[in-house]
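Asker: Got a structure for you, questions after.
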Amino acid sequence: MLGNALLLALRELRRNVMRSFLTMLGIIIGVGAVIILVTLGNGATQQVTEQIASLGSNLLMVTPGKRMGPGQSSAAPSFKLADAEAIARETSSLKTVAPVSSRGVTAIYANENWSTSVTGSTEEYFTVGNRHIKKGRMFTASDARLGTAVCVIGETVRAKLFDRQGPIGQHIRLNKLSCEVIGLLESKGQSTMGTDQDDLIIVPLRTFQRRIAGNEDVSMIQVSVKDGYSTERVKQEIGRLLRTRRHLSANEDDNFNVMDMKEIANMLSGTTRMMTGLLGAVAAVSLLVGGIGIMNIMLVSVTERTREIGTRLAIGALEREVLLQFLVEAVVLSSFGGIIGIVFALVASVGLTGIMKVPFVFNMPIVLIAFLFSAAVGVIFGYFPARKAARLDPIEALRYE
């Protein structure tokens with residue numbers, strides 16, 4: 001009986017191909033929208049996680065000033081190199097500590113110039129920040145201690161200043177400082193916040209302080225915690241040490257901030273997951289709209305085929321057989337729409353993830369849920385027209401013109 005109902009449903013759909021396709025369009029759009037939005041959202045979440053992880057494992061960022069909030073000021077004394085050395089010396093479970101200072105400069109080579117950011121730090125910066133050398137070398141502890149005029153550049157700076165020419169061994173000018181390019185960093189691309197991670201120049205901290213900044217301030221201390229150790233406990237140790245070094249009394253608030261990159265990663269990932277869920281829920285509404293379209297067309301179909309239904313009932317067809325016939329038609333419409341929607345969504349997702357430069361994350365559960373939901377829409381919205389057809393009076397149906 002089910003096989004016969006399926007054949008009748010396919011025959012009816014083939015008889016009205018255009019109307020059937022337009023009816024399925026709502027389901028196609030609904031299923032496609034859900035899968036595309038969830039796929040893009042999952043890709044964005046994965047990208048955020050990977051980019052935060054690329055900054056370094058178990059990374060803490062120590063900055064002067066409090067977290068911004070109502071009635072709060074971020075103004076506070078800058079750190080000094082001695083603060084970073086004290087953290088490295090007196091805090092347990094640390095892998096590396098890197099003091100960092102940055103400033104915008106104009107880099108000049110021959111007839112080319114580029115506005116970029118120069119970062120002064122120690123050789124530990126490359127380890128803490130998970131930065132690797134593509135060509136050349138990083139500066140050594142001796143370079144950092146003596147303040148040698150050398151630098152390591154990012155891929156963007158290389159492209160803007162040197163084009164196809166090799167940068168290693170060349171000299172560039174940073175404001176009034178002339179420094180030798182000794183290394184080229186591997187590319188990292190854009191960060192989660194949309195900034196270019198390759199648009200930077202790294203010089204020894206003492207070189208930066210003496211020749212560029214003109215002071216001994218340190219704007220940030222990056223701390224890498226050993227694997228397997230609690231970053232929360234390290235944060236507390238750093239907090240106690242800095243309060244002592246900055247002479248803060250018990251009733252004074254911290255004038256510094258210790259941020260755990262895991263917290264930022266969890267916050268950003270949670271935000272993207274919530275937005276993905278909301279967008280998926282909004283897209284799912286279009287499936288309901290598609291279901292209403294199916295119900296509307298099925299009601300029209302019942303009206304058009306009243307005499308056919310009356311004839312079937314008159315020659316002995318049972319109500320449940322007529323009910324099954326129209327219900328199968330509705331389910332076939334929604335299921336075909338779901339399948340086409342899935343194919344469309346996967347193709348579109350591959351293209352959109354390439355355009356948006358986020359990973360393509362295939363999510364089989366959401367594909368199955370979208371398909372089952374589309375089939376359920378056919379059952380739910382097809383039941384009322386099917387019941388109406390099954391309950392027709394054969395005599396009245398045969399009289400219908």
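Identifiers in the structure tokens: chain A, B, ... in order shown; residue index from 1 per chain; ligand index from 1 in order shown.
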So that I can check the surroundings of Thr116 in chain A, please list as JSON, numbers by chain every protein, DNA and RNA residue that reaches within 9 Å of it, counting only C-alpha atoms and ignoring chain neighbours fewer than 6 positions away.
Answerer: {"A": [103, 104, 105, 106, 107, 157, 199, 200, 201]}
Asker: With C-alpha atoms retained, export the selected residues as a short mmCIF file (atom, residue, chain, number, x, y, z; two decimals), in the first residue's frame.
Answerer:
```cif
data_model
loop_
_atom_site.label_atom_id
_atom_site.label_comp_id
_atom_site.auth_asym_id
_atom_site.auth_seq_id
_atom_site.Cartn_x
_atom_site.Cartn_y
_atom_site.Cartn_z
CA ARG A 103 54.91 51.99 18.47
CA GLY A 104 53.79 53.01 15.00
CA VAL A 105 56.60 53.98 12.62
CA THR A 106 57.25 54.57 8.94
CA ALA A 107 59.60 51.95 7.52
CA VAL A 157 56.29 44.50 5.48
CA ASP A 199 52.35 43.81 9.48
CA LEU A 200 55.06 44.24 12.11
CA ILE A 201 58.77 44.66 12.69
#
```
Asker: Can you pull out the residues contacting Val331 in chain A? Cut-off 10 Å, using only C-alpha atoms, and skip same-chain residues under 4 positions away; I want them as a list in words.
Answerer: Leu6, Ala9, Ile294, Phe326, Leu327, Ser335, Phe336, Gly337, Ser374, Ala375, Ala376, Val377, Gly378, Val379, Ile380, Phe381, Gly382 and Tyr383 of chain A
Asker: Could you take the residues named above and write them with N, CA and C atoms, as a PDB file, in the first residue's frame?
Answerer:
```pdb
ATOM      1  N   LEU A   6       3.318   5.843  -2.939  1.00  0.00           N
ATOM      2  CA  LEU A   6       4.517   6.559  -3.372  1.00  0.00           C
ATOM      3  C   LEU A   6       4.515   6.752  -4.882  1.00  0.00           C
ATOM      4  N   ALA A   9       2.088   9.420  -5.753  1.00  0.00           N
ATOM      5  CA  ALA A   9       2.619  10.736  -5.381  1.00  0.00           C
ATOM      6  C   ALA A   9       3.617  11.229  -6.417  1.00  0.00           C
ATOM      7  N   ILE A 294       3.442  24.218   1.480  1.00  0.00           N
ATOM      8  CA  ILE A 294       3.044  22.844   1.135  1.00  0.00           C
ATOM      9  C   ILE A 294       1.577  22.614   1.474  1.00  0.00           C
ATOM     10  N   PHE A 326      -2.259  11.319   0.105  1.00  0.00           N
ATOM     11  CA  PHE A 326      -1.976  12.756   0.156  1.00  0.00           C
ATOM     12  C   PHE A 326      -0.865  13.078   1.167  1.00  0.00           C
ATOM     13  N   LEU A 327      -0.797  12.284   2.214  1.00  0.00           N
ATOM     14  CA  LEU A 327       0.267  12.502   3.193  1.00  0.00           C
ATOM     15  C   LEU A 327       1.624  12.173   2.576  1.00  0.00           C
ATOM     16  N   SER A 335      10.622  16.196   1.420  1.00  0.00           N
ATOM     17  CA  SER A 335      11.879  15.434   1.441  1.00  0.00           C
ATOM     18  C   SER A 335      12.752  15.771   0.235  1.00  0.00           C
ATOM     19  N   PHE A 336      12.127  15.849  -0.964  1.00  0.00           N
ATOM     20  CA  PHE A 336      12.896  16.259  -2.133  1.00  0.00           C
ATOM     21  C   PHE A 336      13.458  17.661  -1.939  1.00  0.00           C
ATOM     22  N   GLY A 337      12.622  18.544  -1.387  1.00  0.00           N
ATOM     23  CA  GLY A 337      13.107  19.893  -1.098  1.00  0.00           C
ATOM     24  C   GLY A 337      14.270  19.873  -0.129  1.00  0.00           C
ATOM     25  N   SER A 374      12.723  18.824   7.732  1.00  0.00           N
ATOM     26  CA  SER A 374      11.978  19.086   6.500  1.00  0.00           C
ATOM     27  C   SER A 374      10.940  17.987   6.255  1.00  0.00           C
ATOM     28  N   ALA A 375      11.309  16.720   6.532  1.00  0.00           N
ATOM     29  CA  ALA A 375      10.348  15.621   6.385  1.00  0.00           C
ATOM     30  C   ALA A 375       9.209  15.764   7.384  1.00  0.00           C
ATOM     31  N   ALA A 376       9.544  16.169   8.606  1.00  0.00           N
ATOM     32  CA  ALA A 376       8.517  16.366   9.629  1.00  0.00           C
ATOM     33  C   ALA A 376       7.557  17.480   9.233  1.00  0.00           C
ATOM     34  N   VAL A 377       8.079  18.525   8.598  1.00  0.00           N
ATOM     35  CA  VAL A 377       7.226  19.613   8.118  1.00  0.00           C
ATOM     36  C   VAL A 377       6.201  19.070   7.129  1.00  0.00           C
ATOM     37  N   GLY A 378       6.649  18.161   6.251  1.00  0.00           N
ATOM     38  CA  GLY A 378       5.723  17.553   5.293  1.00  0.00           C
ATOM     39  C   GLY A 378       4.623  16.771   5.977  1.00  0.00           C
ATOM     40  N   VAL A 379       4.963  16.033   7.035  1.00  0.00           N
ATOM     41  CA  VAL A 379       3.968  15.244   7.767  1.00  0.00           C
ATOM     42  C   VAL A 379       2.976  16.165   8.474  1.00  0.00           C
ATOM     43  N   ILE A 380       3.531  17.177   9.163  1.00  0.00           N
ATOM     44  CA  ILE A 380       2.687  18.054   9.981  1.00  0.00           C
ATOM     45  C   ILE A 380       1.752  18.891   9.110  1.00  0.00           C
ATOM     46  N   PHE A 381       2.323  19.543   8.099  1.00  0.00           N
ATOM     47  CA  PHE A 381       1.507  20.442   7.281  1.00  0.00           C
ATOM     48  C   PHE A 381       0.745  19.700   6.173  1.00  0.00           C
ATOM     49  N   GLY A 382       1.101  18.454   5.935  1.00  0.00           N
ATOM     50  CA  GLY A 382       0.365  17.677   4.938  1.00  0.00           C
ATOM     51  C   GLY A 382      -0.781  16.889   5.534  1.00  0.00           C
ATOM     52  N   TYR A 383      -0.823  16.800   6.858  1.00  0.00           N
ATOM     53  CA  TYR A 383      -1.854  15.952   7.493  1.00  0.00           C
ATOM     54  C   TYR A 383      -3.245  16.553   7.320  1.00  0.00           C
TER      55      TYR A 383
END
```
Asker: Tell me which protein, DNA and RNA residues are within 8 Å of range 212-227 of chain A, counting only C-alpha atoms, leaving out same-chain ones fewer than 5 positions away, and put them as a PyMOL selection string.
Answerer: chain A and resi 56-64+78-81+84+93-103+125+128+174-177+207+234
Asker: Please give the complete set of residues from range 77-323 of chain A that DSSP, run on the backbone, assigns to strand (DSSP E), formatted as a VMD selection string.
Answerer: chain A and resid 94 to 109 112 to 121 133 to 136 150 to 153 171 to 174 177 to 185 200 to 204 220 to 225 256 to 260
Asker: I need the residues of range 66-160 of chain A that end up classed as helix (DSSP H, G or I) by DSSP on the backbone, written out as a ChimeraX atom specification.
Answerer: /A:81-90,125-128,141-146,155-160
Asker: May I have the residues from that selection written out with C-alpha atoms, as a CSV table (one decimal), in the first residue's frame?
Answerer:
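Everything below was put into again-v4.csv:
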```
chain,number,residue,atom,x,y,z
A,81,LEU,CA,62.3,45.6,32.3
A,82,ALA,CA,63.0,44.8,35.9
A,83,ASP,CA,59.3,43.9,36.4
A,84,ALA,CA,59.5,41.3,33.7
A,85,GLU,CA,62.8,40.0,35.1
A,86,ALA,CA,61.2,39.8,38.6
A,87,ILE,CA,58.3,37.8,37.2
A,88,ALA,CA,60.6,35.4,35.4
A,89,ARG,CA,62.8,35.0,38.6
A,90,GLU,CA,60.2,34.8,41.3
A,125,TYR,CA,59.1,37.0,22.3
A,126,PHE,CA,59.3,34.4,19.5
A,127,THR,CA,58.7,31.5,21.9
A,128,VAL,CA,55.9,33.2,23.8
A,141,ALA,CA,70.3,37.2,23.7
A,142,SER,CA,73.5,39.1,23.0
A,143,ASP,CA,71.7,41.3,20.4
A,144,ALA,CA,68.9,42.0,23.0
A,145,ARG,CA,71.4,42.8,25.7
A,146,LEU,CA,73.6,45.1,23.6
A,155,GLU,CA,55.4,39.1,5.4
A,156,THR,CA,53.3,42.2,4.8
A,157,VAL,CA,56.3,44.5,5.5
A,158,ARG,CA,58.4,42.4,3.1
A,159,ALA,CA,55.8,42.6,0.4
A,160,LYS,CA,55.4,46.4,0.7
```
Asker: Determine the nearest neighbour of Ile35 in chain A from the options A:Gly277, A:Gly293, A:Gly154, A:Pro204, counting only C-alpha atoms.
Answerer: A:Gly277
Asker: From the options A:Phe162, A:Phe208, A:Phe373, A:Phe384, which residue's atoms come nearest to Ser286 in chain A, counting only C-alpha atoms?
Answerer: A:Phe373
Asker: Record the distance separating CA of Leu278 in chain A and CA of Ala33 in chain A, expressed in Å with one decimal.
Answerer: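 It comes out at 12.4 Å.
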